[in-house]
Amino acid sequence: MNHSQNLKYQALVGMSKTQLESFAVSLGEQSYRGRQLFDWLYHQKKDTIDEMTDLPARFRNQVKNSAIVHPLIQVAQSDSGSKRTKKFLFQLQNGNQIESVLMKDGSRNTICLSTQVGCAVNCDFCATATMGFVQNLSIGEIVDQFLQLKKLSFGPINNVVFMGMGEPLLNYKNVIAAADLLHDPDGINMGSKRITISTAGIISKIKQFSIEAHKYKLAISLNASNQEQRIRIMPISATQPLDELISVARNYTLENKTRVTFEYVLMKDINEKIEDAQRLLVMLSSINCKLNVIPYNKTGRDYVRPKDENIQSFLSILEKAPFPVTVRWSKGVEIDAGCGQLVTRTK
Ligand code: SF4
């Protein structure tokens, strides 16, 4: 089957166990054939229907005539100089493109998944924001990034982060369903605490996530120590104010007896001052949280990475913090591995 024919076909990756059971029944088979398909797709991770050898040949032909396995086609790859980060560009069946990142840190491998084509959130420091919002990804388009990258990875995948192009909580239903598929013990079987959903801070959706008590980890991209500063770099703060965001994050940790992660991209002349670190200390001290400080990965827009001594001074204030503070030294710097940068550059 060539790719131009794909538009007529539904993709199997993305279907739940129940959907695959109904699919098998729609082709005149018993529902357990759907569960076999589920095992072949997500547990054994086969790429072709011909490899699903315990399915009868007649059924395999029927499946081939009505569906494809992967909704995505890989169209490009770029490596960082250190080979620790690889970026992949995928094409959807409608021609739109997304990117996913594979990162190696010691023995740990992390996959970073996109959830939308483009993004409506418009963070001022982000390359994806320049594309505007184009479309939500389907469950299959999200999960397929994982399945395809896993085969290209340096080893077993330890973590999956919904942090590529797009705001995951603005594609809430598909993102949760994709996380559920990644987590399903009969399929991919990623532990719930190895799956992180990272948001720019959509307050109503964090509340929903909290009420629904999902076990996946939540990370909030904070990036500022007060409302005025945050509005400048993340205009969404006008409708999602910082004090409410902090309060909803605190409630989430209390209601779910869990920890929230705050991401803080450190940018020169923006949010790198000693006073910023002091304000963060006060703001976050009463929350069960972890703070991840990420010195900015320069893209050639208006923002730059702080000097190393400023990064160190900032971190020294946080040594007194009652919460853990980690620093993610950017590994993608050689290939511009911020979200959206490969797609925007290709375009
Ligand atoms: S940082 Fe994330 S939420 Fe903000 S514009 Fe970029 S993709 Fe969207």
# chains A, B, ... in the order shown; residues from 1 in each chain; ligands from 1

call {"tool": "residues_near_ligand", "arguments": {"ligand": "ligand 1", "cutoff": "10 Å", "atoms": "only C-alpha atoms and all ligand atoms", "output": "mmCIF file with N, CA and C atoms, in the first residue's frame"}}
result
data_model
loop_
_atom_site.group_PDB
_atom_site.id
_atom_site.type_symbol
_atom_site.label_atom_id
_atom_site.label_comp_id
_atom_site.auth_asym_id
_atom_site.auth_seq_id
_atom_site.Cartn_x
_atom_site.Cartn_y
_atom_site.Cartn_z
ATOM 1 N N SER A 114 4.394 15.372 20.882
ATOM 2 C CA SER A 114 3.527 16.504 20.522
ATOM 3 C C SER A 114 2.074 16.092 20.697
ATOM 4 N N THR A 115 1.225 17.091 20.963
ATOM 5 C CA THR A 115 -0.208 16.806 21.152
ATOM 6 C C THR A 115 -1.097 17.599 20.190
ATOM 7 N N GLN A 116 -0.513 18.607 19.536
ATOM 8 C CA GLN A 116 -1.264 19.406 18.566
ATOM 9 C C GLN A 116 -0.320 19.770 17.415
ATOM 10 N N VAL A 117 -0.899 20.153 16.281
ATOM 11 C CA VAL A 117 -0.091 20.800 15.235
ATOM 12 C C VAL A 117 -0.205 22.291 15.525
ATOM 13 N N GLY A 118 0.950 22.940 15.779
ATOM 14 C CA GLY A 118 0.917 24.336 16.191
ATOM 15 C C GLY A 118 0.393 24.452 17.611
ATOM 16 N N CYS A 119 0.086 25.670 18.031
ATOM 17 C CA CYS A 119 -0.409 25.879 19.398
ATOM 18 C C CYS A 119 -1.083 27.234 19.480
ATOM 19 N N ALA A 120 -2.172 27.291 20.253
ATOM 20 C CA ALA A 120 -2.910 28.549 20.384
ATOM 21 C C ALA A 120 -2.428 29.386 21.558
ATOM 22 N N VAL A 121 -1.520 28.822 22.363
ATOM 23 C CA VAL A 121 -1.219 29.485 23.642
ATOM 24 C C VAL A 121 -0.310 30.717 23.479
ATOM 25 N N ASN A 122 0.538 30.727 22.485
ATOM 26 C CA ASN A 122 1.281 31.936 22.145
ATOM 27 C C ASN A 122 2.322 32.381 23.164
ATOM 28 N N CYS A 123 3.037 31.438 23.759
ATOM 29 C CA CYS A 123 4.138 31.832 24.643
ATOM 30 C C CYS A 123 5.174 32.571 23.794
ATOM 31 N N ASP A 124 5.664 33.681 24.326
ATOM 32 C CA ASP A 124 6.483 34.570 23.513
ATOM 33 C C ASP A 124 7.853 33.976 23.169
ATOM 34 N N PHE A 125 8.315 33.025 23.973
ATOM 35 C CA PHE A 125 9.656 32.450 23.768
ATOM 36 C C PHE A 125 9.634 31.181 22.933
ATOM 37 N N CYS A 126 8.456 30.796 22.390
ATOM 38 C CA CYS A 126 8.309 29.463 21.815
ATOM 39 C C CYS A 126 8.177 29.496 20.297
ATOM 40 N N ALA A 127 8.948 28.626 19.629
ATOM 41 C CA ALA A 127 8.914 28.573 18.165
ATOM 42 C C ALA A 127 7.569 28.072 17.644
ATOM 43 N N THR A 128 6.960 27.118 18.351
ATOM 44 C CA THR A 128 5.669 26.585 17.897
ATOM 45 C C THR A 128 4.606 27.675 17.844
ATOM 46 N N ALA A 129 4.692 28.617 18.785
ATOM 47 C CA ALA A 129 3.674 29.669 18.863
ATOM 48 C C ALA A 129 3.565 30.443 17.552
ATOM 49 N N THR A 130 4.665 30.545 16.805
ATOM 50 C CA THR A 130 4.632 31.319 15.559
ATOM 51 C C THR A 130 3.747 30.647 14.498
ATOM 52 N N MET A 131 3.466 29.359 14.671
ATOM 53 C CA MET A 131 2.614 28.653 13.707
ATOM 54 C C MET A 131 1.129 28.913 13.944
ATOM 55 N N GLY A 132 0.776 29.371 15.154
ATOM 56 C CA GLY A 132 -0.633 29.433 15.522
ATOM 57 C C GLY A 132 -1.186 28.025 15.705
ATOM 58 N N PHE A 133 -2.487 27.943 16.002
ATOM 59 C CA PHE A 133 -3.085 26.620 16.202
ATOM 60 C C PHE A 133 -3.537 26.076 14.857
ATOM 61 N N PHE A 162 4.445 14.628 27.716
ATOM 62 C CA PHE A 162 3.611 15.362 26.750
ATOM 63 C C PHE A 162 4.060 16.813 26.823
ATOM 64 N N MET A 163 5.041 17.150 25.994
ATOM 65 C CA MET A 163 5.672 18.465 26.126
ATOM 66 C C MET A 163 6.200 18.968 24.789
ATOM 67 N N GLY A 164 5.811 18.328 23.697
ATOM 68 C CA GLY A 164 6.277 18.780 22.388
ATOM 69 C C GLY A 164 5.426 19.930 21.897
ATOM 70 N N MET A 165 5.087 19.895 20.617
ATOM 71 C CA MET A 165 4.239 20.965 20.079
ATOM 72 C C MET A 165 2.848 20.861 20.680
ATOM 73 N N GLY A 166 2.299 22.028 21.040
ATOM 74 C CA GLY A 166 0.905 22.066 21.485
ATOM 75 C C GLY A 166 0.745 22.110 22.985
ATOM 76 N N GLU A 167 -0.437 22.513 23.418
ATOM 77 C CA GLU A 167 -0.796 22.545 24.841
ATOM 78 C C GLU A 167 -1.638 21.295 25.127
ATOM 79 N N PRO A 168 -1.074 20.319 25.837
ATOM 80 C CA PRO A 168 -1.780 19.046 26.037
ATOM 81 C C PRO A 168 -3.181 19.202 26.619
ATOM 82 N N LEU A 169 -3.341 20.125 27.566
ATOM 83 C CA LEU A 169 -4.653 20.215 28.230
ATOM 84 C C LEU A 169 -5.705 20.882 27.342
ATOM 85 N N LEU A 170 -5.298 21.444 26.202
ATOM 86 C CA LEU A 170 -6.291 21.950 25.240
ATOM 87 C C LEU A 170 -6.662 20.861 24.231
ATOM 88 N N SER A 198 2.589 17.999 30.659
ATOM 89 C CA SER A 198 3.154 19.314 30.971
ATOM 90 C C SER A 198 2.284 20.408 30.359
ATOM 91 N N THR A 199 1.821 21.319 31.197
ATOM 92 C CA THR A 199 0.886 22.345 30.728
ATOM 93 C C THR A 199 1.416 23.761 30.970
ATOM 94 N N ALA A 200 0.966 24.675 30.105
ATOM 95 C CA ALA A 200 1.277 26.093 30.315
ATOM 96 C C ALA A 200 0.398 26.670 31.436
ATOM 97 N N GLY A 201 -0.594 25.878 31.874
ATOM 98 C CA GLY A 201 -1.404 26.320 33.018
ATOM 99 C C GLY A 201 -2.838 26.655 32.641
ATOM 100 N N ILE A 202 -3.588 25.654 32.173
ATOM 101 C CA ILE A 202 -5.012 25.857 31.836
ATOM 102 C C ILE A 202 -5.802 25.477 33.090
ATOM 103 N N SER A 221 4.346 24.689 33.481
ATOM 104 C CA SER A 221 5.391 25.554 32.966
ATOM 105 C C SER A 221 5.189 26.944 33.578
ATOM 106 N N ILE A 233 5.682 37.144 29.025
ATOM 107 C CA ILE A 233 6.232 36.018 28.260
ATOM 108 C C ILE A 233 5.199 34.941 27.963
ATOM 109 N N MET A 234 4.152 34.875 28.787
ATOM 110 C CA MET A 234 3.079 33.895 28.566
ATOM 111 C C MET A 234 1.747 34.644 28.654
ATOM 112 N N PRO A 235 1.313 35.231 27.515
ATOM 113 C CA PRO A 235 0.115 36.090 27.554
ATOM 114 C C PRO A 235 -1.130 35.368 28.054
ATOM 115 N N ILE A 236 -1.115 34.048 28.044
ATOM 116 C CA ILE A 236 -2.264 33.285 28.541
ATOM 117 C C ILE A 236 -2.536 33.582 30.020
ATOM 118 N N GLY A 338 14.143 22.795 21.152
ATOM 119 C CA GLY A 338 12.970 23.284 21.869
ATOM 120 C C GLY A 338 11.756 22.838 21.083
ATOM 121 N N CYS A 339 10.564 22.870 21.704
ATOM 122 C CA CYS A 339 9.411 22.360 20.979
ATOM 123 C C CYS A 339 9.138 23.193 19.734
ATOM 124 N N GLY A 340 8.842 22.529 18.648
ATOM 125 C CA GLY A 340 8.434 23.217 17.427
ATOM 126 C C GLY A 340 9.553 23.754 16.565
ATOM 127 N N GLN A 341 10.790 23.642 17.032
ATOM 128 C CA GLN A 341 11.846 24.322 16.284
ATOM 129 C C GLN A 341 12.233 23.606 14.998
#

call {"tool": "residues_around", "arguments": {"residues": "A:Ser16", "least_positions_apart": "5", "cutoff": "10 Å", "atoms": "only C-alpha atoms", "output": "ChimeraX atom specification"}}
result
/A:21-22,34-35,38,139-140,177-178,180-181,184

call {"tool": "residues_around", "arguments": {"residues": "A:Val75", "least_positions_apart": "5", "cutoff": "10 Å", "atoms": "only C-alpha atoms", "output": "list in words"}}
result
Phe88, Leu89, Phe90, Gln91, Gln97, Ile98 and Glu99 of chain A

call {"tool": "write_last_selection", "arguments": {"atoms": "C-alpha atoms", "output": "compact mmCIF listing (two decimals), in the first residue's frame"}}
result
# COMPACT_ATOMS: atom_id res chain seq x y z
CA PHE A 88 12.01 13.32 14.46
CA LEU A 89 9.63 14.95 12.05
CA PHE A 90 6.43 13.04 11.29
CA GLN A 91 3.77 13.63 8.66
CA GLN A 97 3.80 17.82 10.30
CA ILE A 98 4.74 17.34 13.95
CA GLU A 99 7.93 16.60 15.79

call {"tool": "closest_residue", "arguments": {"among": "A:Cys289, A:Leu137, A:Met190, A:Leu92", "to": "A:Ile111", "atoms": "only C-alpha atoms"}}
result
A:Met190

call {"tool": "residues_around", "arguments": {"residues": "stretch 265-276 of chain A", "least_positions_apart": "3", "cutoff": "12 Å", "atoms": "only C-alpha atoms", "output": "JSON, numbers by chain"}}
result
{"A": [123, 124, 125, 126, 200, 220, 221, 222, 223, 224, 225, 226, 227, 228, 229, 230, 231, 232, 233, 234, 262, 279, 280, 281, 282, 283, 291, 292, 293, 294, 295, 296, 297, 298, 299, 301, 302, 303, 304, 305, 306, 307, 308, 309, 310, 311, 312, 313, 314, 315, 316, 317, 318, 326, 327, 328, 329, 330, 338]}

call {"tool": "write_last_selection", "arguments": {"atoms": "C-alpha atoms", "output": "PDB file, in the first residue's frame"}}
result
ATOM      1  CA  CYS A 123       4.138  31.832  24.643  1.00  0.00           C
ATOM      2  CA  ASP A 124       6.483  34.570  23.513  1.00  0.00           C
ATOM      3  CA  PHE A 125       9.656  32.450  23.768  1.00  0.00           C
ATOM      4  CA  CYS A 126       8.309  29.463  21.815  1.00  0.00           C
ATOM      5  CA  ALA A 200       1.277  26.093  30.315  1.00  0.00           C
ATOM      6  CA  ILE A 220       3.261  23.242  35.072  1.00  0.00           C
ATOM      7  CA  SER A 221       5.391  25.554  32.966  1.00  0.00           C
ATOM      8  CA  LEU A 222       5.756  28.490  35.354  1.00  0.00           C
ATOM      9  CA  ASN A 223       8.604  30.582  33.921  1.00  0.00           C
ATOM     10  CA  ALA A 224       7.922  33.688  35.991  1.00  0.00           C
ATOM     11  CA  SER A 225       7.920  34.778  39.604  1.00  0.00           C
ATOM     12  CA  ASN A 226       5.045  37.271  39.397  1.00  0.00           C
ATOM     13  CA  GLN A 227       1.946  37.948  37.304  1.00  0.00           C
ATOM     14  CA  GLU A 228       3.324  40.989  35.477  1.00  0.00           C
ATOM     15  CA  GLN A 229       6.415  39.131  34.347  1.00  0.00           C
ATOM     16  CA  ARG A 230       4.413  36.062  33.347  1.00  0.00           C
ATOM     17  CA  ILE A 231       1.944  38.027  31.217  1.00  0.00           C
ATOM     18  CA  ARG A 232       4.877  39.413  29.213  1.00  0.00           C
ATOM     19  CA  ILE A 233       6.232  36.018  28.260  1.00  0.00           C
ATOM     20  CA  MET A 234       3.079  33.895  28.566  1.00  0.00           C
ATOM     21  CA  PHE A 262       6.995  23.399  38.196  1.00  0.00           C
ATOM     22  CA  ARG A 279       9.850  35.175  45.132  1.00  0.00           C
ATOM     23  CA  LEU A 280       9.757  31.595  43.856  1.00  0.00           C
ATOM     24  CA  LEU A 281      10.934  30.377  47.220  1.00  0.00           C
ATOM     25  CA  VAL A 282       8.039  32.135  48.968  1.00  0.00           C
ATOM     26  CA  MET A 283       5.451  31.216  46.317  1.00  0.00           C
ATOM     27  CA  LEU A 291      11.076  22.808  40.767  1.00  0.00           C
ATOM     28  CA  ASN A 292      12.873  22.065  37.521  1.00  0.00           C
ATOM     29  CA  VAL A 293      15.066  24.948  36.370  1.00  0.00           C
ATOM     30  CA  ILE A 294      15.914  24.877  32.655  1.00  0.00           C
ATOM     31  CA  PRO A 295      18.453  27.401  31.378  1.00  0.00           C
ATOM     32  CA  TYR A 296      17.010  28.621  28.056  1.00  0.00           C
ATOM     33  CA  ASN A 297      17.957  26.861  24.830  1.00  0.00           C
ATOM     34  CA  LYS A 298      18.612  29.765  22.425  1.00  0.00           C
ATOM     35  CA  THR A 299      16.593  29.761  19.196  1.00  0.00           C
ATOM     36  CA  ARG A 301      14.465  34.917  18.726  1.00  0.00           C
ATOM     37  CA  ASP A 302      14.508  37.579  21.425  1.00  0.00           C
ATOM     38  CA  TYR A 303      15.439  35.398  24.373  1.00  0.00           C
ATOM     39  CA  VAL A 304      18.866  34.164  25.411  1.00  0.00           C
ATOM     40  CA  ARG A 305      20.393  31.903  27.983  1.00  0.00           C
ATOM     41  CA  PRO A 306      21.666  33.649  31.143  1.00  0.00           C
ATOM     42  CA  LYS A 307      25.379  33.741  31.921  1.00  0.00           C
ATOM     43  CA  ASP A 308      26.573  30.693  33.877  1.00  0.00           C
ATOM     44  CA  GLU A 309      27.390  32.792  36.966  1.00  0.00           C
ATOM     45  CA  ASN A 310      23.842  34.198  36.987  1.00  0.00           C
ATOM     46  CA  ILE A 311      22.424  30.705  36.728  1.00  0.00           C
ATOM     47  CA  GLN A 312      24.557  29.675  39.705  1.00  0.00           C
ATOM     48  CA  SER A 313      23.493  32.713  41.798  1.00  0.00           C
ATOM     49  CA  PHE A 314      19.843  31.986  41.007  1.00  0.00           C
ATOM     50  CA  LEU A 315      20.269  28.359  42.063  1.00  0.00           C
ATOM     51  CA  SER A 316      22.164  29.261  45.234  1.00  0.00           C
ATOM     52  CA  ILE A 317      19.078  31.113  46.585  1.00  0.00           C
ATOM     53  CA  LEU A 318      17.042  27.985  45.969  1.00  0.00           C
ATOM     54  CA  THR A 326      16.644  20.095  39.754  1.00  0.00           C
ATOM     55  CA  VAL A 327      18.446  21.677  36.823  1.00  0.00           C
ATOM     56  CA  ARG A 328      17.933  20.360  33.320  1.00  0.00           C
ATOM     57  CA  TRP A 329      21.032  21.344  31.423  1.00  0.00           C
ATOM     58  CA  SER A 330      19.724  21.579  27.891  1.00  0.00           C
ATOM     59  CA  GLY A 338      12.970  23.284  21.869  1.00  0.00           C
TER      60      GLY A 338
END

call {"tool": "select_by_dssp", "arguments": {"residues": "stretch 84-115 of chain A", "states": "strand (DSSP E or B)", "output": "PyMOL selection string"}}
result
chain A and resi 85-91+97-105+108-113

call {"tool": "write_last_selection", "arguments": {"atoms": "N, CA and C atoms", "output": "mmCIF file, in the first residue's frame"}}
result
data_model
loop_
_atom_site.group_PDB
_atom_site.id
_atom_site.type_symbol
_atom_site.label_atom_id
_atom_site.label_comp_id
_atom_site.auth_asym_id
_atom_site.auth_seq_id
_atom_site.Cartn_x
_atom_site.Cartn_y
_atom_site.Cartn_z
ATOM 1 N N THR A 85 20.524 13.580 21.865
ATOM 2 C CA THR A 85 19.167 13.998 21.556
ATOM 3 C C THR A 85 18.907 13.762 20.085
ATOM 4 N N LYS A 86 17.771 13.147 19.791
ATOM 5 C CA LYS A 86 17.383 12.973 18.393
ATOM 6 C C LYS A 86 15.995 13.548 18.224
ATOM 7 N N LYS A 87 15.820 14.266 17.122
ATOM 8 C CA LYS A 87 14.508 14.847 16.828
ATOM 9 C C LYS A 87 13.949 14.228 15.581
ATOM 10 N N PHE A 88 12.652 13.976 15.588
ATOM 11 C CA PHE A 88 12.013 13.317 14.459
ATOM 12 C C PHE A 88 10.839 14.154 13.971
ATOM 13 N N LEU A 89 10.741 14.237 12.665
ATOM 14 C CA LEU A 89 9.628 14.951 12.047
ATOM 15 C C LEU A 89 8.700 13.900 11.443
ATOM 16 N N PHE A 90 7.421 13.980 11.803
ATOM 17 C CA PHE A 90 6.432 13.036 11.287
ATOM 18 C C PHE A 90 5.384 13.771 10.476
ATOM 19 N N GLN A 91 4.864 13.064 9.466
ATOM 20 C CA GLN A 91 3.774 13.634 8.660
ATOM 21 C C GLN A 91 2.470 12.913 8.969
ATOM 22 N N GLN A 97 2.620 18.442 9.697
ATOM 23 C CA GLN A 97 3.801 17.816 10.304
ATOM 24 C C GLN A 97 3.910 18.131 11.794
ATOM 25 N N ILE A 98 4.480 17.168 12.518
ATOM 26 C CA ILE A 98 4.736 17.343 13.950
ATOM 27 C C ILE A 98 6.136 16.821 14.243
ATOM 28 N N GLU A 99 6.619 17.136 15.440
ATOM 29 C CA GLU A 99 7.932 16.600 15.790
ATOM 30 C C GLU A 99 7.912 15.960 17.179
ATOM 31 N N SER A 100 8.824 15.033 17.360
ATOM 32 C CA SER A 100 8.953 14.321 18.631
ATOM 33 C C SER A 100 10.437 14.229 18.929
ATOM 34 N N VAL A 101 10.768 14.120 20.205
ATOM 35 C CA VAL A 101 12.181 14.142 20.601
ATOM 36 C C VAL A 101 12.496 12.941 21.486
ATOM 37 N N LEU A 102 13.659 12.381 21.244
ATOM 38 C CA LEU A 102 14.187 11.278 22.031
ATOM 39 C C LEU A 102 15.419 11.812 22.755
ATOM 40 N N MET A 103 15.441 11.692 24.086
ATOM 41 C CA MET A 103 16.568 12.243 24.848
ATOM 42 C C MET A 103 17.212 11.170 25.712
ATOM 43 N N LYS A 104 18.516 11.171 25.751
ATOM 44 C CA LYS A 104 19.248 10.214 26.587
ATOM 45 C C LYS A 104 19.978 10.991 27.667
ATOM 46 N N ASP A 105 19.787 10.554 28.919
ATOM 47 C CA ASP A 105 20.476 11.198 30.028
ATOM 48 C C ASP A 105 21.042 10.074 30.895
ATOM 49 N N ARG A 108 19.020 6.838 31.242
ATOM 50 C CA ARG A 108 17.583 7.117 31.126
ATOM 51 C C ARG A 108 17.248 7.660 29.741
ATOM 52 N N ASN A 109 16.176 7.113 29.175
ATOM 53 C CA ASN A 109 15.701 7.579 27.869
ATOM 54 C C ASN A 109 14.301 8.168 28.026
ATOM 55 N N THR A 110 14.120 9.337 27.466
ATOM 56 C CA THR A 110 12.832 10.022 27.568
ATOM 57 C C THR A 110 12.320 10.345 26.170
ATOM 58 N N ILE A 111 11.021 10.168 25.978
ATOM 59 C CA ILE A 111 10.394 10.557 24.711
ATOM 60 C C ILE A 111 9.481 11.747 24.980
ATOM 61 N N CYS A 112 9.622 12.761 24.144
ATOM 62 C CA CYS A 112 8.795 13.964 24.272
ATOM 63 C C CYS A 112 7.794 13.987 23.111
ATOM 64 N N LEU A 113 6.510 13.987 23.437
ATOM 65 C CA LEU A 113 5.466 13.843 22.425
ATOM 66 C C LEU A 113 4.748 15.158 22.140
#

call {"tool": "atom_distance", "arguments": {"atom1": "atom CA of A:His70", "atom2": "atom CA of A:Val13"}}
result
5.8 Å

call {"tool": "closest_residue", "arguments": {"among": "A:Ser204, A:Gln74, A:Gln19, A:Thr261", "to": "A:Ile287", "atoms": "only C-alpha atoms"}}
result
A:Thr261

call {"tool": "atom_distance", "arguments": {"atom1": "atom CA of A:Leu20", "atom2": "atom CA of A:Asp39"}}
result
10.5 Å

call {"tool": "residues_around", "arguments": {"residues": "A:Leu254", "least_positions_apart": "3", "cutoff": "12 Å", "atoms": "only C-alpha atoms", "output": "MDAnalysis selection string"}}
result
chainID A and resid 210:211 213 247:251 257:260 286:289

call {"tool": "write_last_selection", "arguments": {"atoms": "C-alpha atoms", "output": "short mmCIF file (atom, residue, chain, number, x, y, z; two decimals), in the first residue's frame"}}
result
data_model
loop_
_atom_site.label_atom_id
_atom_site.label_comp_id
_atom_site.auth_asym_id
_atom_site.auth_seq_id
_atom_site.Cartn_x
_atom_site.Cartn_y
_atom_site.Cartn_z
CA SER A 210 -7.52 16.74 39.70
CA ILE A 211 -11.21 15.76 40.08
CA ALA A 213 -7.76 11.78 39.87
CA SER A 247 -3.83 27.83 44.14
CA VAL A 248 -5.24 25.20 41.75
CA ALA A 249 -1.86 23.44 41.71
CA ARG A 250 -1.82 23.36 45.52
CA ASN A 251 -5.38 21.94 45.59
CA LYS A 257 -1.92 13.37 47.71
CA THR A 258 0.75 13.86 45.10
CA ARG A 259 3.48 16.25 44.02
CA VAL A 260 3.36 18.75 41.16
CA SER A 286 3.84 25.69 50.98
CA ILE A 287 3.23 23.34 48.02
CA ASN A 288 4.21 19.69 47.68
CA CYS A 289 6.26 20.36 44.56
#

call {"tool": "select_by_dssp", "arguments": {"residues": "stretch 101-283 of chain A", "states": "alpha helix (DSSP H)", "output": "ChimeraX atom specification"}}
result
/A:139-152,172-183,203-211,227-233,242-256,274-283

call {"tool": "write_last_selection", "arguments": {"atoms": "C-alpha atoms", "output": "PDB file, in the first residue's frame"}}
result
ATOM      1  CA  ILE A 139      -5.117   9.504  20.049  1.00  0.00           C
ATOM      2  CA  GLY A 140      -3.355   7.403  17.406  1.00  0.00           C
ATOM      3  CA  GLU A 141      -1.178  10.280  16.209  1.00  0.00           C
ATOM      4  CA  ILE A 142       0.004  10.815  19.786  1.00  0.00           C
ATOM      5  CA  VAL A 143       0.604   7.143  20.647  1.00  0.00           C
ATOM      6  CA  ASP A 144       2.228   6.411  17.273  1.00  0.00           C
ATOM      7  CA  GLN A 145       5.024   8.894  18.047  1.00  0.00           C
ATOM      8  CA  PHE A 146       5.868   6.710  21.045  1.00  0.00           C
ATOM      9  CA  LEU A 147       5.695   3.414  19.146  1.00  0.00           C
ATOM     10  CA  GLN A 148       7.872   4.673  16.296  1.00  0.00           C
ATOM     11  CA  LEU A 149      10.428   6.396  18.544  1.00  0.00           C
ATOM     12  CA  LYS A 150      10.714   3.429  20.867  1.00  0.00           C
ATOM     13  CA  LYS A 151      12.109   1.408  17.968  1.00  0.00           C
ATOM     14  CA  LEU A 152      14.661   4.131  17.242  1.00  0.00           C
ATOM     15  CA  TYR A 172      -7.555  16.999  26.947  1.00  0.00           C
ATOM     16  CA  LYS A 173      -9.712  14.045  25.876  1.00  0.00           C
ATOM     17  CA  ASN A 174      -7.212  12.662  23.364  1.00  0.00           C
ATOM     18  CA  VAL A 175      -4.218  13.269  25.633  1.00  0.00           C
ATOM     19  CA  ILE A 176      -5.796  11.371  28.541  1.00  0.00           C
ATOM     20  CA  ALA A 177      -6.885   8.544  26.212  1.00  0.00           C
ATOM     21  CA  ALA A 178      -3.351   8.407  24.749  1.00  0.00           C
ATOM     22  CA  ALA A 179      -1.853   8.283  28.255  1.00  0.00           C
ATOM     23  CA  ASP A 180      -4.305   5.482  29.128  1.00  0.00           C
ATOM     24  CA  LEU A 181      -3.134   3.525  26.063  1.00  0.00           C
ATOM     25  CA  LEU A 182       0.524   4.063  26.978  1.00  0.00           C
ATOM     26  CA  HIS A 183      -0.260   2.878  30.503  1.00  0.00           C
ATOM     27  CA  ILE A 203      -6.755  26.304  35.178  1.00  0.00           C
ATOM     28  CA  SER A 204     -10.124  24.650  34.400  1.00  0.00           C
ATOM     29  CA  LYS A 205      -8.394  21.617  32.910  1.00  0.00           C
ATOM     30  CA  ILE A 206      -6.029  21.217  35.878  1.00  0.00           C
ATOM     31  CA  LYS A 207      -9.173  21.196  38.061  1.00  0.00           C
ATOM     32  CA  GLN A 208     -10.703  18.518  35.828  1.00  0.00           C
ATOM     33  CA  PHE A 209      -7.480  16.478  35.903  1.00  0.00           C
ATOM     34  CA  SER A 210      -7.515  16.735  39.696  1.00  0.00           C
ATOM     35  CA  ILE A 211     -11.206  15.765  40.075  1.00  0.00           C
ATOM     36  CA  GLN A 227       1.946  37.948  37.304  1.00  0.00           C
ATOM     37  CA  GLU A 228       3.324  40.989  35.477  1.00  0.00           C
ATOM     38  CA  GLN A 229       6.415  39.131  34.347  1.00  0.00           C
ATOM     39  CA  ARG A 230       4.413  36.062  33.347  1.00  0.00           C
ATOM     40  CA  ILE A 231       1.944  38.027  31.217  1.00  0.00           C
ATOM     41  CA  ARG A 232       4.877  39.413  29.213  1.00  0.00           C
ATOM     42  CA  ILE A 233       6.232  36.018  28.260  1.00  0.00           C
ATOM     43  CA  LEU A 242      -0.647  33.214  38.356  1.00  0.00           C
ATOM     44  CA  ASP A 243      -2.213  33.326  41.841  1.00  0.00           C
ATOM     45  CA  GLU A 244      -5.141  31.150  40.701  1.00  0.00           C
ATOM     46  CA  LEU A 245      -2.749  28.795  38.931  1.00  0.00           C
ATOM     47  CA  ILE A 246      -0.681  28.367  42.089  1.00  0.00           C
ATOM     48  CA  SER A 247      -3.829  27.828  44.139  1.00  0.00           C
ATOM     49  CA  VAL A 248      -5.243  25.199  41.750  1.00  0.00           C
ATOM     50  CA  ALA A 249      -1.861  23.443  41.709  1.00  0.00           C
ATOM     51  CA  ARG A 250      -1.822  23.360  45.524  1.00  0.00           C
ATOM     52  CA  ASN A 251      -5.379  21.938  45.588  1.00  0.00           C
ATOM     53  CA  TYR A 252      -4.355  19.282  43.057  1.00  0.00           C
ATOM     54  CA  THR A 253      -1.511  18.112  45.308  1.00  0.00           C
ATOM     55  CA  LEU A 254      -3.778  18.034  48.368  1.00  0.00           C
ATOM     56  CA  GLU A 255      -6.738  16.334  46.669  1.00  0.00           C
ATOM     57  CA  ASN A 256      -4.578  13.693  44.999  1.00  0.00           C
ATOM     58  CA  ILE A 274      18.025  36.953  42.706  1.00  0.00           C
ATOM     59  CA  GLU A 275      14.626  38.520  43.541  1.00  0.00           C
ATOM     60  CA  ASP A 276      12.950  36.086  41.158  1.00  0.00           C
ATOM     61  CA  ALA A 277      14.507  33.158  43.010  1.00  0.00           C
ATOM     62  CA  GLN A 278      13.442  34.700  46.334  1.00  0.00           C
ATOM     63  CA  ARG A 279       9.850  35.175  45.132  1.00  0.00           C
ATOM     64  CA  LEU A 280       9.757  31.595  43.856  1.00  0.00           C
ATOM     65  CA  LEU A 281      10.934  30.377  47.220  1.00  0.00           C
ATOM     66  CA  VAL A 282       8.039  32.135  48.968  1.00  0.00           C
ATOM     67  CA  MET A 283       5.451  31.216  46.317  1.00  0.00           C
TER      68      MET A 283
END
